[in-house]
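This is entry-v5.cif. It holds mmCIF, C-alpha atoms and all ligand atoms.
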```
data_structure
#
loop_
_atom_site.label_atom_id
_atom_site.label_comp_id
_atom_site.auth_asym_id
_atom_site.auth_seq_id
_atom_site.Cartn_x
_atom_site.Cartn_y
_atom_site.Cartn_z
CA MET A 1146 54.27 -6.96 98.96
CA ALA A 1147 53.65 -7.31 102.70
CA ASP A 1148 53.32 -3.54 103.35
CA GLU A 1149 50.78 -3.24 100.49
CA ARG A 1150 48.43 -5.73 102.17
CA ILE A 1151 45.15 -4.15 103.26
CA THR A 1152 43.71 -4.57 106.74
CA LEU A 1153 40.35 -6.13 107.54
CA SER A 1154 38.93 -2.69 108.40
CA GLU A 1155 40.06 -1.30 105.02
CA HIS A 1156 38.57 -4.33 103.27
CA LEU A 1157 35.26 -3.90 105.09
CA ALA A 1158 35.18 -0.18 104.23
CA GLY A 1159 35.81 -1.04 100.57
CA ARG A 1160 32.99 -3.58 100.48
CA ARG A 1161 30.22 -1.62 102.16
CA SER A 1162 28.37 -1.06 98.91
CA ALA A 1163 27.80 -4.80 98.64
CA MET A 1164 26.13 -4.97 102.06
CA ALA A 1165 22.49 -4.10 102.77
CA PRO A 1166 22.84 -0.31 103.34
CA ALA A 1167 20.84 -0.26 106.58
CA TYR A 1168 23.13 -2.88 108.12
CA ALA A 1169 26.50 -2.08 106.50
CA GLY A 1170 27.78 0.09 109.35
CA GLY A 1171 26.78 -2.40 112.03
CA VAL A 1172 28.26 -5.35 110.13
CA ALA A 1173 31.60 -3.56 109.70
CA VAL A 1174 31.79 -2.54 113.38
CA ILE A 1175 30.88 -6.02 114.62
CA LEU A 1176 33.32 -7.86 112.32
CA SER A 1177 36.13 -5.48 113.29
CA ARG A 1178 35.39 -6.03 116.97
CA LEU A 1179 35.30 -9.82 116.49
CA ALA A 1180 38.74 -9.54 114.89
CA ASP A 1181 40.02 -7.60 117.92
CA VAL A 1182 38.64 -10.28 120.26
CA ALA A 1183 40.18 -13.02 118.10
CA ALA A 1184 43.61 -11.49 118.63
CA VAL A 1185 42.99 -11.62 122.40
CA ILE A 1186 41.78 -15.24 122.24
CA GLU A 1187 44.79 -16.17 120.11
CA ARG A 1188 47.17 -14.82 122.76
CA GLU A 1189 45.27 -16.53 125.60
CA LEU A 1190 45.33 -19.90 123.81
CA ALA A 1191 49.09 -19.61 123.34
CA HIS A 1192 49.54 -19.12 127.12
CA ALA A 1193 46.59 -21.16 128.50
CA ALA A 1194 48.78 -23.97 129.84
CA LEU A 1195 50.98 -21.41 131.63
CA ARG A 1196 47.92 -19.77 133.20
CA ASP A 1197 46.12 -22.94 134.30
CA GLN A 1198 43.38 -22.17 131.80
CA LEU A 1199 43.24 -25.68 130.29
CA GLY A 1200 40.84 -28.37 131.42
CA TYR A 1201 37.20 -28.42 132.37
CA ALA A 1202 35.21 -25.73 134.06
CA GLY A 1203 32.78 -28.37 135.34
CA GLY A 1204 29.22 -28.77 134.12
CA THR A 1205 27.84 -29.19 130.62
CA ASN A 1206 26.26 -26.75 128.16
CA LEU A 1207 22.73 -26.97 126.82
CA THR A 1208 23.74 -29.43 124.13
CA GLY A 1209 25.37 -31.69 126.68
CA ASP A 1210 29.01 -30.90 125.90
CA GLN A 1211 31.41 -30.80 128.83
CA VAL A 1212 32.44 -27.16 129.18
CA LYS A 1213 36.10 -26.16 129.18
CA LYS A 1214 37.42 -23.18 131.11
CA LEU A 1215 38.30 -21.52 127.80
CA ASP A 1216 34.77 -22.07 126.44
CA LEU A 1217 33.36 -19.92 129.24
CA TRP A 1218 36.22 -17.40 129.15
CA GLY A 1219 35.77 -17.07 125.36
CA HIS A 1220 32.02 -16.57 125.77
CA ASP A 1221 32.51 -13.84 128.38
CA ILE A 1222 35.02 -11.79 126.38
CA VAL A 1223 33.02 -12.09 123.15
CA VAL A 1224 29.80 -10.96 124.86
CA ALA A 1225 31.57 -8.02 126.54
CA ALA A 1226 33.20 -6.92 123.28
CA LEU A 1227 29.97 -7.21 121.26
CA ARG A 1228 28.04 -5.21 123.88
CA LYS A 1229 30.55 -2.37 123.51
CA THR A 1230 29.89 -2.07 119.77
CA GLY A 1231 26.40 -0.70 120.49
CA ALA A 1232 25.31 -2.44 117.25
CA VAL A 1233 24.35 -5.85 118.64
CA ALA A 1234 20.75 -6.51 119.65
CA ALA A 1235 21.40 -10.01 121.04
CA VAL A 1236 24.00 -12.76 121.12
CA VAL A 1237 23.10 -16.44 120.62
CA SER A 1238 26.10 -18.33 122.04
CA GLU A 1239 26.81 -22.03 122.28
CA GLU A 1240 27.63 -21.39 125.94
CA ALA A 1241 24.32 -19.71 126.91
CA PRO A 1242 20.94 -21.51 126.92
CA GLU A 1243 19.05 -18.31 125.97
CA PRO A 1244 20.11 -15.30 123.86
CA VAL A 1245 21.97 -12.54 125.70
CA GLU A 1246 19.80 -9.48 124.92
CA MET A 1247 21.70 -6.22 124.42
CA TYR A 1248 19.54 -3.11 124.62
CA GLU A 1249 22.45 -1.01 123.33
CA GLY A 1250 21.96 -2.45 119.87
CA LYS A 1251 18.20 -2.50 119.66
CA GLY A 1252 16.46 -0.78 116.79
CA PRO A 1253 14.95 -1.47 113.39
CA HIS A 1254 18.31 -2.54 112.03
CA GLY A 1255 19.81 -4.24 115.02
CA ILE A 1256 21.97 -7.30 114.40
CA VAL A 1257 21.91 -10.63 116.24
CA VAL A 1258 25.27 -12.40 116.46
CA CYS A 1259 25.26 -16.20 116.67
CA ILE A 1260 28.60 -17.46 117.93
CA ASP A 1261 30.60 -20.52 118.87
CA PRO A 1262 33.29 -18.82 120.94
CA VAL A 1263 35.65 -21.81 121.02
CA ASP A 1264 34.98 -24.48 118.42
CA GLY A 1265 36.77 -27.81 118.71
CA SER A 1266 37.48 -27.30 122.40
CA SER A 1267 38.11 -31.02 122.89
CA ASN A 1268 41.42 -30.27 121.16
CA LEU A 1269 42.49 -27.59 123.66
CA ASP A 1270 44.26 -29.82 126.17
CA VAL A 1271 46.28 -31.54 123.43
CA ASN A 1272 47.41 -28.28 121.79
CA GLY A 1273 45.11 -28.99 118.82
CA ILE A 1274 43.62 -26.41 116.49
CA VAL A 1275 40.47 -24.59 117.63
CA GLY A 1276 38.42 -21.74 116.19
CA THR A 1277 35.63 -19.21 116.65
CA ILE A 1278 32.59 -19.29 114.33
CA PHE A 1279 30.20 -16.34 113.89
CA SER A 1280 27.04 -15.45 111.97
CA LEU A 1281 25.37 -12.00 111.79
CA ARG A 1282 21.58 -11.97 111.30
CA PRO A 1283 19.06 -9.07 111.05
CA SER A 1284 17.02 -8.58 114.24
CA ARG A 1285 14.24 -6.77 112.33
CA GLY A 1286 13.69 -4.58 115.38
CA LEU A 1287 12.28 -7.53 117.35
CA ASP A 1288 12.42 -7.04 121.08
CA PRO A 1289 13.61 -9.34 122.54
CA ALA A 1290 15.80 -9.79 119.46
CA GLY A 1291 16.68 -13.39 120.25
CA PRO A 1292 13.72 -14.93 118.38
CA ALA A 1293 14.83 -12.95 115.28
CA VAL A 1294 17.45 -15.61 114.58
CA LEU A 1295 14.73 -18.26 114.31
CA GLY A 1296 13.48 -18.63 110.75
CA PRO A 1297 15.22 -19.11 107.40
CA VAL A 1298 19.01 -19.14 107.83
CA GLY A 1299 19.51 -17.86 104.30
CA ASP A 1300 19.17 -14.26 105.59
CA GLN A 1301 22.65 -13.99 107.10
CA LEU A 1302 24.22 -10.52 106.70
CA ALA A 1303 27.72 -11.91 107.18
CA ALA A 1304 29.43 -15.00 108.55
CA GLY A 1305 32.88 -16.41 109.07
CA TYR A 1306 35.38 -17.91 111.43
CA VAL A 1307 38.78 -17.53 113.03
CA MET A 1308 41.20 -20.47 112.98
CA TYR A 1309 43.84 -20.47 115.76
CA GLY A 1310 46.48 -22.52 113.98
CA PRO A 1311 50.19 -22.02 113.23
CA ALA A 1312 48.90 -18.79 111.70
CA CYS A 1313 45.77 -17.09 113.04
CA THR A 1314 43.41 -16.81 110.07
CA LEU A 1315 40.11 -14.94 109.83
CA VAL A 1316 37.76 -15.84 106.96
CA TYR A 1317 34.54 -13.91 106.34
CA SER A 1318 31.88 -13.20 103.77
CA ALA A 1319 29.34 -10.36 103.79
CA GLY A 1320 27.66 -11.69 100.66
CA ASP A 1321 30.31 -10.40 98.24
CA GLY A 1322 32.72 -13.33 98.02
CA THR A 1323 34.77 -15.05 100.73
CA HIS A 1324 38.03 -13.50 101.89
CA GLY A 1325 40.87 -14.64 104.19
CA PHE A 1326 43.08 -12.57 106.49
CA THR A 1327 46.16 -13.49 108.53
CA LEU A 1328 46.96 -11.95 111.91
CA ASP A 1329 50.16 -9.95 112.00
CA ARG A 1330 51.13 -10.86 115.55
CA GLU A 1331 53.37 -7.79 115.82
CA THR A 1332 50.71 -5.21 115.00
CA GLY A 1333 47.55 -7.13 115.99
CA GLU A 1334 46.10 -6.37 112.53
CA PHE A 1335 44.46 -8.95 110.27
CA LEU A 1336 45.93 -8.47 106.76
CA LEU A 1337 44.35 -9.70 103.51
CA THR A 1338 46.18 -12.85 102.38
CA HIS A 1339 43.43 -14.85 100.62
CA PRO A 1340 41.29 -12.46 98.50
CA GLU A 1341 38.22 -13.89 96.68
CA ILE A 1342 38.69 -17.52 97.82
CA ARG A 1343 37.34 -20.04 95.29
CA THR A 1344 36.81 -23.62 96.44
CA PRO A 1345 37.96 -26.13 93.78
CA ARG A 1346 34.97 -27.88 92.19
CA ARG A 1347 36.51 -31.20 93.18
CA GLY A 1348 39.11 -32.34 95.73
CA LYS A 1349 41.07 -35.42 96.77
CA THR A 1350 40.29 -35.66 100.51
CA TYR A 1351 37.34 -36.18 102.82
CA GLY A 1352 36.86 -35.54 106.53
CA ILE A 1353 34.48 -37.48 108.81
CA ASN A 1354 34.50 -39.24 112.18
CA GLU A 1355 34.58 -42.80 110.84
CA GLY A 1356 34.05 -44.13 114.35
CA ASN A 1357 30.36 -43.38 113.80
CA VAL A 1358 30.07 -45.41 110.55
CA ARG A 1359 27.49 -47.82 112.00
CA SER A 1360 25.08 -44.97 112.73
CA TRP A 1361 25.17 -43.40 109.26
CA HIS A 1362 22.43 -43.30 106.62
CA PRO A 1363 23.02 -46.15 104.08
CA GLY A 1364 23.70 -43.52 101.39
CA GLN A 1365 26.38 -41.96 103.63
CA GLN A 1366 28.00 -45.38 104.15
CA ALA A 1367 27.93 -46.08 100.39
CA PHE A 1368 29.39 -42.65 99.57
CA VAL A 1369 32.37 -43.04 101.92
CA GLN A 1370 32.89 -46.61 100.63
CA PHE A 1371 32.95 -45.14 97.09
CA LEU A 1372 35.58 -42.55 98.08
CA ARG A 1373 37.73 -45.30 99.59
CA THR A 1374 37.49 -47.61 96.54
CA PRO A 1375 40.66 -47.55 94.37
CA ASP A 1376 40.06 -46.17 90.89
CA LYS A 1377 43.27 -44.38 89.92
CA ALA A 1378 41.88 -43.05 86.65
CA ASN A 1379 39.20 -41.19 88.62
CA GLY A 1380 41.35 -39.98 91.49
CA ARG A 1381 40.26 -42.56 94.06
CA PRO A 1382 40.82 -43.56 96.81
CA TYR A 1383 40.51 -40.15 98.49
CA SER A 1384 42.64 -39.45 101.57
CA LEU A 1385 41.04 -39.03 104.97
CA ARG A 1386 41.85 -35.83 106.87
CA TYR A 1387 40.04 -35.23 110.19
CA VAL A 1388 41.05 -32.79 112.97
CA GLY A 1389 37.91 -32.99 115.10
CA SER A 1390 37.58 -29.22 115.03
CA MET A 1391 35.01 -28.01 112.48
CA VAL A 1392 36.92 -24.79 111.74
CA ALA A 1393 40.20 -26.63 111.00
CA ASP A 1394 38.43 -29.31 108.95
CA VAL A 1395 36.24 -26.96 106.90
CA HIS A 1396 39.12 -24.49 106.29
CA ARG A 1397 41.08 -27.26 104.56
CA PHE A 1398 38.21 -28.07 102.20
CA LEU A 1399 37.41 -24.39 101.56
CA LEU A 1400 40.94 -23.84 100.26
CA ALA A 1401 41.94 -27.22 98.82
CA GLY A 1402 38.61 -28.79 97.86
CA GLY A 1403 37.11 -32.07 99.10
CA ILE A 1404 34.29 -32.65 101.57
CA PHE A 1405 33.72 -32.47 105.35
CA MET A 1406 30.81 -34.43 106.75
CA TYR A 1407 29.10 -34.69 110.10
CA PRO A 1408 26.10 -36.80 109.04
CA ALA A 1409 23.01 -37.60 111.07
CA ASP A 1410 23.14 -40.38 113.65
CA MET A 1411 20.46 -42.75 112.33
CA SER A 1412 20.59 -45.16 115.31
CA ASP A 1413 16.92 -44.30 115.77
CA PRO A 1414 15.77 -44.03 112.10
CA ALA A 1415 12.63 -42.24 113.28
CA ARG A 1416 14.75 -39.56 114.97
CA PRO A 1417 17.92 -38.83 112.98
CA THR A 1418 20.07 -36.37 114.94
CA GLY A 1419 22.96 -34.20 113.83
CA LYS A 1420 25.74 -33.14 116.16
CA LEU A 1421 26.67 -29.70 114.82
CA ARG A 1422 24.53 -26.68 115.63
CA LEU A 1423 22.69 -24.88 112.84
CA LEU A 1424 22.88 -21.25 113.99
CA TYR A 1425 26.53 -20.94 114.99
CA GLU A 1426 28.35 -23.79 113.22
CA VAL A 1427 26.49 -25.15 110.17
CA ALA A 1428 24.74 -22.05 108.72
CA PRO A 1429 27.78 -19.70 108.91
CA MET A 1430 30.05 -22.30 107.32
CA ALA A 1431 27.47 -22.92 104.59
CA PHE A 1432 27.33 -19.17 103.85
CA VAL A 1433 31.13 -18.94 103.60
CA LEU A 1434 31.43 -22.01 101.35
CA GLU A 1435 28.62 -21.01 98.98
CA GLN A 1436 30.17 -17.54 98.61
CA ALA A 1437 33.39 -19.33 97.59
CA GLY A 1438 31.61 -21.51 95.00
CA GLY A 1439 31.26 -24.55 97.29
CA ARG A 1440 28.13 -26.25 98.57
CA ALA A 1441 26.58 -27.24 101.89
CA SER A 1442 23.82 -29.82 102.35
CA THR A 1443 22.22 -31.97 105.03
CA GLY A 1444 22.47 -34.84 102.53
CA THR A 1445 18.96 -34.15 101.32
CA GLU A 1446 18.51 -30.35 101.67
CA ARG A 1447 20.57 -27.21 100.96
CA VAL A 1448 21.67 -25.88 104.36
CA LEU A 1449 20.83 -22.25 103.53
CA ASP A 1450 17.23 -23.30 102.82
CA LEU A 1451 16.83 -24.59 106.37
CA VAL A 1452 14.61 -22.88 108.93
CA ALA A 1453 15.89 -22.49 112.51
CA THR A 1454 13.24 -23.38 115.09
CA GLU A 1455 15.48 -23.56 118.19
CA TYR A 1456 18.61 -21.68 119.24
CA HIS A 1457 20.73 -24.83 119.66
CA GLN A 1458 19.14 -26.95 116.94
CA ARG A 1459 21.45 -29.64 115.55
CA VAL A 1460 21.55 -30.62 111.87
CA PRO A 1461 23.65 -32.95 109.70
CA ILE A 1462 26.14 -31.33 107.32
CA LEU A 1463 28.07 -32.26 104.19
CA ILE A 1464 30.12 -29.26 103.03
CA GLY A 1465 32.94 -28.47 100.60
CA SER A 1466 33.48 -28.85 96.86
CA ALA A 1467 30.36 -28.59 94.71
CA ASP A 1468 31.03 -31.90 92.91
CA GLU A 1469 31.59 -33.99 96.04
CA VAL A 1470 28.55 -32.56 97.87
CA ALA A 1471 26.35 -33.15 94.80
CA LEU A 1472 27.68 -36.72 94.50
CA ALA A 1473 27.02 -37.37 98.19
CA GLU A 1474 23.41 -36.15 97.77
CA ASP A 1475 23.12 -38.54 94.85
CA PHE A 1476 24.12 -41.45 97.11
CA TYR A 1477 21.50 -40.33 99.67
CA ARG A 1478 18.83 -40.47 96.94
CA ARG A 1479 19.69 -44.01 95.79
P1 LIG B 1501 32.59 -27.47 120.06
O1 LIG B 1501 33.97 -27.66 120.59
O2 LIG B 1501 32.26 -26.04 119.79
O3 LIG B 1501 31.55 -28.18 120.88
O4 LIG B 1501 32.55 -28.13 118.61
C1 LIG B 1501 33.00 -29.43 118.46
C2 LIG B 1501 32.44 -30.01 117.21
C3 LIG B 1501 33.16 -29.54 115.94
O5 LIG B 1501 34.17 -28.61 116.15
C4 LIG B 1501 33.76 -30.81 115.37
O6 LIG B 1501 33.59 -30.87 113.98
C5 LIG B 1501 32.97 -31.91 116.06
O7 LIG B 1501 32.54 -31.40 117.31
C6 LIG B 1501 33.81 -33.13 116.30
O8 LIG B 1501 32.94 -34.09 116.83
P2 LIG B 1501 33.52 -35.55 117.17
O9 LIG B 1501 34.47 -35.38 118.31
O10 LIG B 1501 32.26 -36.32 117.51
O11 LIG B 1501 34.19 -36.07 115.93
MN MN B 1502 31.75 -25.97 117.75
MN MN B 1503 32.31 -24.43 121.10
#
```
I need this file expressed as structure tokens, please.
Amino acid sequence: MADERITLSEHLAGRRSAMAPAYAGGVAVILSRLADVAAVIERELAHAALRDQLGYAGGTNLTGDQVKKLDLWGHDIVVAALRKTGAVAAVVSEEAPEPVEMYEGKGPHGIVVCIDPVDGSSNLDVNGIVGTIFSLRPSRGLDPAGPAVLGPVGDQLAAGYVMYGPACTLVYSAGDGTHGFTLDRETGEFLLTHPEIRTPRRGKTYGINEGNVRSWHPGQQAFVQFLRTPDKANGRPYSLRYVGSMVADVHRFLLAGGIFMYPADMSDPARPTGKLRLLYEVAPMAFVLEQAGGRASTGTERVLDLVATEYHQRVPILIGSADEVALAEDFYRR
């Protein structure tokens, strides 16, 4: 069976008809190049401790996170690789305050890539799981192309992530289902291992940072309390699974069902704030989950109906099985 597995490039070539024709070539080139970079990141992560690449680079990024050496290194190699494709009009990166404009990819059908080069980087120094999250958006010929990513986030051409775990897994959707690939570390190829992923309508686990319980919306508190309340006949209590890396957490619920939540901090009810960033964490994950039959909500709104107004805008997110997300929204309405 192994030698019959198709590569990511073959899969992309086979799916071009499902992509918007004007963008299909650019999407395929960019996703292939992101896969190549992922294989480089995967190797670097495996050797980071040996190369003194762990730890902080000093300073904080625009959203106030302390920046790790690998955050900046990841940003640099992703930007360099995307520039070489000649198909990218701009990159919106967690590690850069403003979009990195790329004149090589300008044009009426240029593509803007929104990216979180290293997601979950607080796990790096403890050999935890991290990832890379990406979203490809039409630049509509805008120059500079950066502002093209502002607006409705439902217009994504493709989105996905790489999870650097025991296996290195790449999951993507270009609007024609969600598909998973596993890196063959010998050849450097990503091979199809999870075709047409379907998220179970209901799961048995939930993921959330319960340390923040006091800051949650009352509906969020009631929903988690409900999941924890024993009711064997209805599959409760749920089990808590939380890695602290969005890619690792969401990947579990994509495959096994259940719900990941990073709800708003309601400490100031007049100014609820999310933690996760819309353009390069929340919107791409929402695209991937919906394409797999799951759902993604802020608690009160469908994520893919949101409008981006800033590059590093933060929003709340509840994402995973359709039934659990719908039930959570119900608790928010009560
Ligand atoms: P990043 O490392 O790119 O800043 O992302 C970290 C995010 C996300 O990966 C994860 O779900 C969340 O931070 C965890 O936040 P807490 O540590 O507050 O639980
Ligand atoms: Mn992140
Ligand atoms: Mn990051």
Near-segment 1292-1300 of chain A list (6 Å; only C-alpha atoms; drop same-chain fewer than 3 positions) as a ChimeraX atom specification
/A:1284,1449,1451-1454
Which neighbours of Ser1318 of chain A fall inside 12 Å, counting only C-alpha atoms, when residues of the same chain fewer than 6 positions from it are skipped, and could you give them as a ChimeraX atom specification?
/A:1153,1156-1157,1160-1161,1163-1164,1172-1173,1176,1279-1281,1301-1306,1324-1326,1340-1342,1429-1437
Please identify all protein, DNA and RNA residues within 8 Å of ligand LIG 1501 (chain B), counting all atoms listed in the file, and report them as a PyMOL selection string.
chain A and resi 1210+1239+1261-1268+1275+1353-1354+1388-1392+1394+1407+1420-1421+1426
Within 8 Å of Thr1418 of chain A, counting only C-alpha atoms, which residues show up once you throw out same-chain ones fewer than 3 positions away? Write them as a PyMOL selection string, please.
chain A and resi 1409-1411+1459-1461
Just the selected residues (C-alpha atoms), exported as a short mmCIF file (atom, residue, chain, number, x, y, z; two decimals), in the coordinates of the input, please.
```cif
data_model
loop_
_atom_site.label_atom_id
_atom_site.label_comp_id
_atom_site.auth_asym_id
_atom_site.auth_seq_id
_atom_site.Cartn_x
_atom_site.Cartn_y
_atom_site.Cartn_z
CA ALA A 1409 23.01 -37.60 111.07
CA ASP A 1410 23.14 -40.38 113.65
CA MET A 1411 20.46 -42.75 112.33
CA ARG A 1459 21.45 -29.64 115.55
CA VAL A 1460 21.55 -30.62 111.87
CA PRO A 1461 23.65 -32.95 109.70
#
```
One decimal, Å: what's the distance from atom CA of Ser1162 of chain A over to atom CA of Gly1276 of chain A, could you say?
28.8 Å
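With distances restricted to only C-alpha atoms and all ligand atoms, A:Val1212 is the closest residue to ligand MN 1503 (chain B) from A:Leu1372, A:Leu1190, A:Val1212, A:Ala1393.
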Counting all atoms listed in the file, closest pick from A:Gln1458, A:Asn1206, A:Thr1277, A:Ser1177 relative to ligand MN 1502 (chain B) is A:Thr1277
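The closest residue to ligand MN 1503 (chain B), picked from A:Val1185, A:Leu1269, A:Ala1169, A:Ala1191 and counting all atoms listed in the file, is A:Leu1269.
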Mind listing as a PyMOL selection string all residues within 12 Å of (30.7, -33.0, 101.1), counting all atoms listed in the file?
chain A and resi 1346-1353+1365+1368-1369+1372+1394-1395+1398-1399+1402-1408+1431+1434+1439-1445+1447-1448+1461-1477
Got time to write the residues from that selection, C-alpha atoms, as a JSON list (two decimals), keeping the file's coordinate frame?
```
[["chain", "number", "residue", "atom", "x", "y", "z"],
["A", 1346, "ARG", "CA", 34.97, -27.88, 92.19],
["A", 1347, "ARG", "CA", 36.51, -31.20, 93.18],
["A", 1348, "GLY", "CA", 39.11, -32.34, 95.73],
["A", 1349, "LYS", "CA", 41.07, -35.42, 96.77],
["A", 1350, "THR", "CA", 40.29, -35.66, 100.51],
["A", 1351, "TYR", "CA", 37.34, -36.18, 102.82],
["A", 1352, "GLY", "CA", 36.86, -35.54, 106.53],
["A", 1353, "ILE", "CA", 34.48, -37.48, 108.81],
["A", 1365, "GLN", "CA", 26.38, -41.96, 103.63],
["A", 1368, "PHE", "CA", 29.39, -42.65, 99.57],
["A", 1369, "VAL", "CA", 32.37, -43.04, 101.92],
["A", 1372, "LEU", "CA", 35.58, -42.55, 98.08],
["A", 1394, "ASP", "CA", 38.43, -29.31, 108.95],
["A", 1395, "VAL", "CA", 36.24, -26.96, 106.90],
["A", 1398, "PHE", "CA", 38.21, -28.07, 102.20],
["A", 1399, "LEU", "CA", 37.41, -24.39, 101.56],
["A", 1402, "GLY", "CA", 38.61, -28.79, 97.86],
["A", 1403, "GLY", "CA", 37.11, -32.07, 99.10],
["A", 1404, "ILE", "CA", 34.29, -32.65, 101.57],
["A", 1405, "PHE", "CA", 33.72, -32.47, 105.35],
["A", 1406, "MET", "CA", 30.81, -34.43, 106.75],
["A", 1407, "TYR", "CA", 29.10, -34.69, 110.10],
["A", 1408, "PRO", "CA", 26.10, -36.80, 109.04],
["A", 1431, "ALA", "CA", 27.47, -22.92, 104.59],
["A", 1434, "LEU", "CA", 31.43, -22.01, 101.35],
["A", 1439, "GLY", "CA", 31.26, -24.55, 97.29],
["A", 1440, "ARG", "CA", 28.13, -26.25, 98.57],
["A", 1441, "ALA", "CA", 26.58, -27.24, 101.89],
["A", 1442, "SER", "CA", 23.82, -29.82, 102.35],
["A", 1443, "THR", "CA", 22.22, -31.97, 105.03],
["A", 1444, "GLY", "CA", 22.47, -34.84, 102.53],
["A", 1445, "THR", "CA", 18.96, -34.15, 101.32],
["A", 1447, "ARG", "CA", 20.57, -27.21, 100.96],
["A", 1448, "VAL", "CA", 21.67, -25.88, 104.36],
["A", 1461, "PRO", "CA", 23.65, -32.95, 109.70],
["A", 1462, "ILE", "CA", 26.14, -31.33, 107.32],
["A", 1463, "LEU", "CA", 28.07, -32.26, 104.19],
["A", 1464, "ILE", "CA", 30.12, -29.26, 103.03],
["A", 1465, "GLY", "CA", 32.94, -28.47, 100.60],
["A", 1466, "SER", "CA", 33.48, -28.85, 96.86],
["A", 1467, "ALA", "CA", 30.36, -28.59, 94.71],
["A", 1468, "ASP", "CA", 31.03, -31.90, 92.91],
["A", 1469, "GLU", "CA", 31.59, -33.99, 96.04],
["A", 1470, "VAL", "CA", 28.55, -32.56, 97.87],
["A", 1471, "ALA", "CA", 26.35, -33.15, 94.80],
["A", 1472, "LEU", "CA", 27.68, -36.72, 94.50],
["A", 1473, "ALA", "CA", 27.02, -37.37, 98.19],
["A", 1474, "GLU", "CA", 23.41, -36.15, 97.77],
["A", 1475, "ASP", "CA", 23.12, -38.54, 94.85],
["A", 1476, "PHE", "CA", 24.12, -41.45, 97.11],
["A", 1477, "TYR", "CA", 21.50, -40.33, 99.67]]
```
Go through A:Arg1397, A:His1220, A:Lys1214, A:His1254 and flag the residue nearest Glu1240 of chain A, using all atoms listed in the file for the distances.
A:His1220
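Relative to atom CA of Val1233 of chain A, atom CA of Gly1250 of chain A is found at 4.3 Å.
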At what distance in Å, to one decimal, does atom CA of Glu1243 of chain A lie from atom CA of Val1307 of chain A?
23.6 Å
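Across A:Cys1259, A:Ala1165, A:Ala1290, A:Leu1195, the tightest approach to ligand MN 1502 (chain B) is made by A:Cys1259 when counting all atoms listed in the file.
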Mind checking which residues fall within 6 Å of segment 1198-1204 of chain A, counting all atoms listed in the file, ignoring those fewer than 2 positions away in the same chain, and posting them as a count of residues only?
7
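Nearest to ligand MN 1503 (chain B) of all the residues A:Tyr1248, A:Tyr1317, A:Tyr1425, A:Tyr1168 is A:Tyr1425, based on all atoms listed in the file.
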